[in-house]
Amino acid sequence: METALLAGGCFWCLEAIFSSINGVRQVESGYCGGQTANPDYEAVSHGDTGHAETVRIAFDSAVVSYATLLDVFFSIHDPTTLNRQGHDIGTQYRSAIFTMDDRQHAIATETVNALIKARRFDRPIVTEITPAGTFYSAENYHQRYYWQNRQVPYCQVVIAPKIAAFRRQHPSLFDD
């Protein structure tokens, strides 16, 4: 088992997609990258902690590689908007890869450089790549949020279309 820590906007969106990918064993919403110990959602949402909404992904690297998870990551959020994803604005919504070791750091750097070289995005990539600090689990009501709240308008209008579009583009990645 390996662990990946990724931040790219609202953790509900990331969790919903990553939790369905073949080889991913667990996805947990939480906070990483800041200076406040034991943050809670209210503190993080005010932008005072330095933490980003982050997902911790436990995955079987024999089934899905870290590089593939990064490809998914760059397909499901906009890495060119600083401290913003859609209507979610603030440093807590920044694009970040928190690496667990030098190998992950190298893969993340290579991935970003390849995206730049391929001119995949019209604007510069602002995703930070930094060694992981402490990951703090979000409150229980944030865990598996989409799967437990599909009727909520945010889930219907924002998350469900992202999942549907990604599934159409990459059906082989999903664990059905």
# chains A, B, ... in the order shown; residues from 1 in each chain; ligands from 1
call {"tool": "residues_around", "arguments": {"residues": "Arg25 (chain A)", "least_positions_apart": "4", "cutoff": "9 Å", "atoms": "only C-alpha atoms", "output": "list of chain:residue names"}}
result
A:Met1, A:Ser19, A:Ile21, A:Ile57, A:Ala58, A:Phe59, A:Asp60
call {"tool": "residues_around", "arguments": {"residues": "Asp101 (chain A)", "least_positions_apart": "2", "cutoff": "10 Å", "atoms": "only C-alpha atoms", "output": "list in words"}}
result
Phe98, Thr99, Arg103, Gln104, His105, Ala106, Thr130, Pro131 and Ala132 of chain A
call {"tool": "residues_around", "arguments": {"residues": "region 8-17 of chain A", "least_positions_apart": "3", "cutoff": "10 Å", "atoms": "only C-alpha atoms", "output": "ChimeraX atom specification"}}
result
/A:20-21,26-31,52-57,72-74,76-79,83-97,127,138,142-147,154-155,158-160,162-164,166-167,174
call {"tool": "atom_distance", "arguments": {"atom1": "CA of Asn140 (chain A)", "atom2": "CA of Gly47 (chain A)"}}
result
20.5 Å
call {"tool": "select_by_dssp", "arguments": {"residues": "region 33-123 of chain A", "states": "strand (DSSP E)", "output": "PyMOL selection string"}}
result
chain A and resi 52-59+84-85+88-89+95-99
call {"tool": "write_last_selection", "arguments": {"atoms": "N, CA and C atoms", "output": "mmCIF file, in the first residue's frame"}}
result
data_model
loop_
_atom_site.group_PDB
_atom_site.id
_atom_site.type_symbol
_atom_site.label_atom_id
_atom_site.label_comp_id
_atom_site.auth_asym_id
_atom_site.auth_seq_id
_atom_site.Cartn_x
_atom_site.Cartn_y
_atom_site.Cartn_z
ATOM 1 N N ALA A 52 -4.855 23.201 3.250
ATOM 2 C CA ALA A 52 -5.694 23.013 2.063
ATOM 3 C C ALA A 52 -6.599 21.816 2.313
ATOM 4 N N GLU A 53 -7.803 21.871 1.745
ATOM 5 C CA GLU A 53 -8.652 20.683 1.763
ATOM 6 C C GLU A 53 -7.931 19.630 0.922
ATOM 7 N N THR A 54 -7.676 18.488 1.525
ATOM 8 C CA THR A 54 -6.807 17.468 0.948
ATOM 9 C C THR A 54 -7.461 16.101 1.071
ATOM 10 N N VAL A 55 -7.162 15.227 0.126
ATOM 11 C CA VAL A 55 -7.563 13.826 0.272
ATOM 12 C C VAL A 55 -6.317 12.971 0.460
ATOM 13 N N ARG A 56 -6.450 12.027 1.388
ATOM 14 C CA ARG A 56 -5.394 11.027 1.597
ATOM 15 C C ARG A 56 -5.886 9.751 0.938
ATOM 16 N N ILE A 57 -5.120 9.306 -0.043
ATOM 17 C CA ILE A 57 -5.512 8.152 -0.858
ATOM 18 C C ILE A 57 -4.589 6.981 -0.531
ATOM 19 N N ALA A 58 -5.166 5.899 -0.049
ATOM 20 C CA ALA A 58 -4.412 4.653 0.143
ATOM 21 C C ALA A 58 -4.666 3.805 -1.090
ATOM 22 N N PHE A 59 -3.584 3.410 -1.767
ATOM 23 C CA PHE A 59 -3.755 2.680 -3.018
ATOM 24 C C PHE A 59 -2.754 1.546 -3.146
ATOM 25 N N ARG A 84 -8.045 28.745 -5.982
ATOM 26 C CA ARG A 84 -9.432 28.754 -6.429
ATOM 27 C C ARG A 84 -9.737 27.510 -7.269
ATOM 28 N N GLN A 85 -10.955 27.008 -7.100
ATOM 29 C CA GLN A 85 -11.525 25.998 -7.986
ATOM 30 C C GLN A 85 -12.988 26.365 -8.147
ATOM 31 N N ASP A 88 -15.231 28.055 -5.391
ATOM 32 C CA ASP A 88 -14.522 27.916 -4.114
ATOM 33 C C ASP A 88 -13.232 28.728 -4.186
ATOM 34 N N ILE A 89 -13.130 29.743 -3.322
ATOM 35 C CA ILE A 89 -12.002 30.670 -3.367
ATOM 36 C C ILE A 89 -11.313 30.724 -2.006
ATOM 37 N N SER A 95 -4.304 24.206 -5.409
ATOM 38 C CA SER A 95 -3.859 22.972 -6.037
ATOM 39 C C SER A 95 -2.502 22.606 -5.447
ATOM 40 N N ALA A 96 -2.420 21.404 -4.862
ATOM 41 C CA ALA A 96 -1.169 21.002 -4.212
ATOM 42 C C ALA A 96 -1.001 19.493 -4.249
ATOM 43 N N ILE A 97 0.243 19.095 -4.393
ATOM 44 C CA ILE A 97 0.637 17.692 -4.261
ATOM 45 C C ILE A 97 1.583 17.640 -3.078
ATOM 46 N N PHE A 98 1.171 16.953 -2.022
ATOM 47 C CA PHE A 98 2.001 16.795 -0.837
ATOM 48 C C PHE A 98 2.682 15.435 -0.940
ATOM 49 N N THR A 99 3.968 15.436 -1.230
ATOM 50 C CA THR A 99 4.677 14.190 -1.518
ATOM 51 C C THR A 99 5.141 13.502 -0.243
#
call {"tool": "atom_distance", "arguments": {"atom1": "CA of Met100 (chain A)", "atom2": "CA of Ala4 (chain A)"}}
result
7.1 Å
call {"tool": "decode", "arguments": {"residues": "region 13-38 of chain A", "atoms": "N, CA and C atoms", "output": "PDB file, in the first residue's frame"}}
result
ATOM      1  N   CYS A  13     -15.237  16.597  -3.991  1.00  0.00           N
ATOM      2  CA  CYS A  13     -15.120  16.237  -5.412  1.00  0.00           C
ATOM      3  C   CYS A  13     -13.998  15.232  -5.626  1.00  0.00           C
ATOM      4  N   LEU A  14     -12.841  15.510  -5.041  1.00  0.00           N
ATOM      5  CA  LEU A  14     -11.706  14.609  -5.205  1.00  0.00           C
ATOM      6  C   LEU A  14     -12.013  13.231  -4.626  1.00  0.00           C
ATOM      7  N   GLU A  15     -12.580  13.212  -3.435  1.00  0.00           N
ATOM      8  CA  GLU A  15     -12.885  11.949  -2.780  1.00  0.00           C
ATOM      9  C   GLU A  15     -13.833  11.102  -3.621  1.00  0.00           C
ATOM     10  N   ALA A  16     -14.856  11.718  -4.176  1.00  0.00           N
ATOM     11  CA  ALA A  16     -15.862  10.978  -4.949  1.00  0.00           C
ATOM     12  C   ALA A  16     -15.242  10.278  -6.148  1.00  0.00           C
ATOM     13  N   ILE A  17     -14.345  10.949  -6.847  1.00  0.00           N
ATOM     14  CA  ILE A  17     -13.731  10.326  -8.026  1.00  0.00           C
ATOM     15  C   ILE A  17     -12.677   9.306  -7.625  1.00  0.00           C
ATOM     16  N   PHE A  18     -11.752   9.687  -6.756  1.00  0.00           N
ATOM     17  CA  PHE A  18     -10.665   8.767  -6.409  1.00  0.00           C
ATOM     18  C   PHE A  18     -11.172   7.498  -5.719  1.00  0.00           C
ATOM     19  N   SER A  19     -12.250   7.595  -4.961  1.00  0.00           N
ATOM     20  CA  SER A  19     -12.739   6.414  -4.236  1.00  0.00           C
ATOM     21  C   SER A  19     -13.301   5.343  -5.165  1.00  0.00           C
ATOM     22  N   SER A  20     -13.575   5.691  -6.420  1.00  0.00           N
ATOM     23  CA  SER A  20     -14.122   4.728  -7.376  1.00  0.00           C
ATOM     24  C   SER A  20     -13.074   4.109  -8.283  1.00  0.00           C
ATOM     25  N   ILE A  21     -11.834   4.535  -8.169  1.00  0.00           N
ATOM     26  CA  ILE A  21     -10.791   4.064  -9.081  1.00  0.00           C
ATOM     27  C   ILE A  21     -10.255   2.707  -8.643  1.00  0.00           C
ATOM     28  N   ASN A  22     -10.144   1.818  -9.600  1.00  0.00           N
ATOM     29  CA  ASN A  22      -9.611   0.485  -9.349  1.00  0.00           C
ATOM     30  C   ASN A  22      -8.211   0.590  -8.741  1.00  0.00           C
ATOM     31  N   GLY A  23      -8.002  -0.087  -7.626  1.00  0.00           N
ATOM     32  CA  GLY A  23      -6.712  -0.076  -6.940  1.00  0.00           C
ATOM     33  C   GLY A  23      -6.662   0.883  -5.766  1.00  0.00           C
ATOM     34  N   VAL A  24      -7.606   1.828  -5.710  1.00  0.00           N
ATOM     35  CA  VAL A  24      -7.675   2.726  -4.562  1.00  0.00           C
ATOM     36  C   VAL A  24      -8.447   1.997  -3.471  1.00  0.00           C
ATOM     37  N   ARG A  25      -7.847   1.881  -2.318  1.00  0.00           N
ATOM     38  CA  ARG A  25      -8.454   1.129  -1.212  1.00  0.00           C
ATOM     39  C   ARG A  25      -9.225   2.010  -0.242  1.00  0.00           C
ATOM     40  N   GLN A  26      -8.774   3.254  -0.064  1.00  0.00           N
ATOM     41  CA  GLN A  26      -9.458   4.157   0.854  1.00  0.00           C
ATOM     42  C   GLN A  26      -9.129   5.594   0.484  1.00  0.00           C
ATOM     43  N   VAL A  27     -10.103   6.478   0.625  1.00  0.00           N
ATOM     44  CA  VAL A  27      -9.896   7.907   0.439  1.00  0.00           C
ATOM     45  C   VAL A  27     -10.484   8.602   1.658  1.00  0.00           C
ATOM     46  N   GLU A  28      -9.685   9.477   2.231  1.00  0.00           N
ATOM     47  CA  GLU A  28     -10.108  10.190   3.434  1.00  0.00           C
ATOM     48  C   GLU A  28      -9.949  11.682   3.198  1.00  0.00           C
ATOM     49  N   SER A  29     -10.986  12.442   3.509  1.00  0.00           N
ATOM     50  CA  SER A  29     -10.919  13.898   3.406  1.00  0.00           C
ATOM     51  C   SER A  29     -10.254  14.464   4.655  1.00  0.00           C
ATOM     52  N   GLY A  30      -9.475  15.531   4.442  1.00  0.00           N
ATOM     53  CA  GLY A  30      -8.807  16.147   5.579  1.00  0.00           C
ATOM     54  C   GLY A  30      -8.106  17.424   5.189  1.00  0.00           C
ATOM     55  N   TYR A  31      -7.111  17.770   5.993  1.00  0.00           N
ATOM     56  CA  TYR A  31      -6.412  19.038   5.841  1.00  0.00           C
ATOM     57  C   TYR A  31      -4.906  18.792   5.919  1.00  0.00           C
ATOM     58  N   CYS A  32      -4.155  19.526   5.085  1.00  0.00           N
ATOM     59  CA  CYS A  32      -2.704  19.381   5.066  1.00  0.00           C
ATOM     60  C   CYS A  32      -2.090  20.679   4.540  1.00  0.00           C
ATOM     61  N   GLY A  33      -0.833  20.882   4.869  1.00  0.00           N
ATOM     62  CA  GLY A  33      -0.084  21.988   4.280  1.00  0.00           C
ATOM     63  C   GLY A  33      -0.084  23.273   5.077  1.00  0.00           C
ATOM     64  N   GLY A  34      -0.638  23.261   6.261  1.00  0.00           N
ATOM     65  CA  GLY A  34      -0.707  24.485   7.051  1.00  0.00           C
ATOM     66  C   GLY A  34       0.103  24.412   8.331  1.00  0.00           C
ATOM     67  N   GLN A  35      -0.052  25.438   9.148  1.00  0.00           N
ATOM     68  CA  GLN A  35       0.725  25.533  10.365  1.00  0.00           C
ATOM     69  C   GLN A  35      -0.087  25.278  11.638  1.00  0.00           C
ATOM     70  N   THR A  36      -1.399  25.171  11.529  1.00  0.00           N
ATOM     71  CA  THR A  36      -2.251  24.980  12.695  1.00  0.00           C
ATOM     72  C   THR A  36      -2.423  23.499  13.004  1.00  0.00           C
ATOM     73  N   ALA A  37      -2.146  23.121  14.260  1.00  0.00           N
ATOM     74  CA  ALA A  37      -2.341  21.731  14.675  1.00  0.00           C
ATOM     75  C   ALA A  37      -3.826  21.476  14.905  1.00  0.00           C
ATOM     76  N   ASN A  38      -4.265  20.283  14.537  1.00  0.00           N
ATOM     77  CA  ASN A  38      -5.638  19.839  14.752  1.00  0.00           C
ATOM     78  C   ASN A  38      -6.689  20.834  14.267  1.00  0.00           C
TER      79      ASN A  38
END
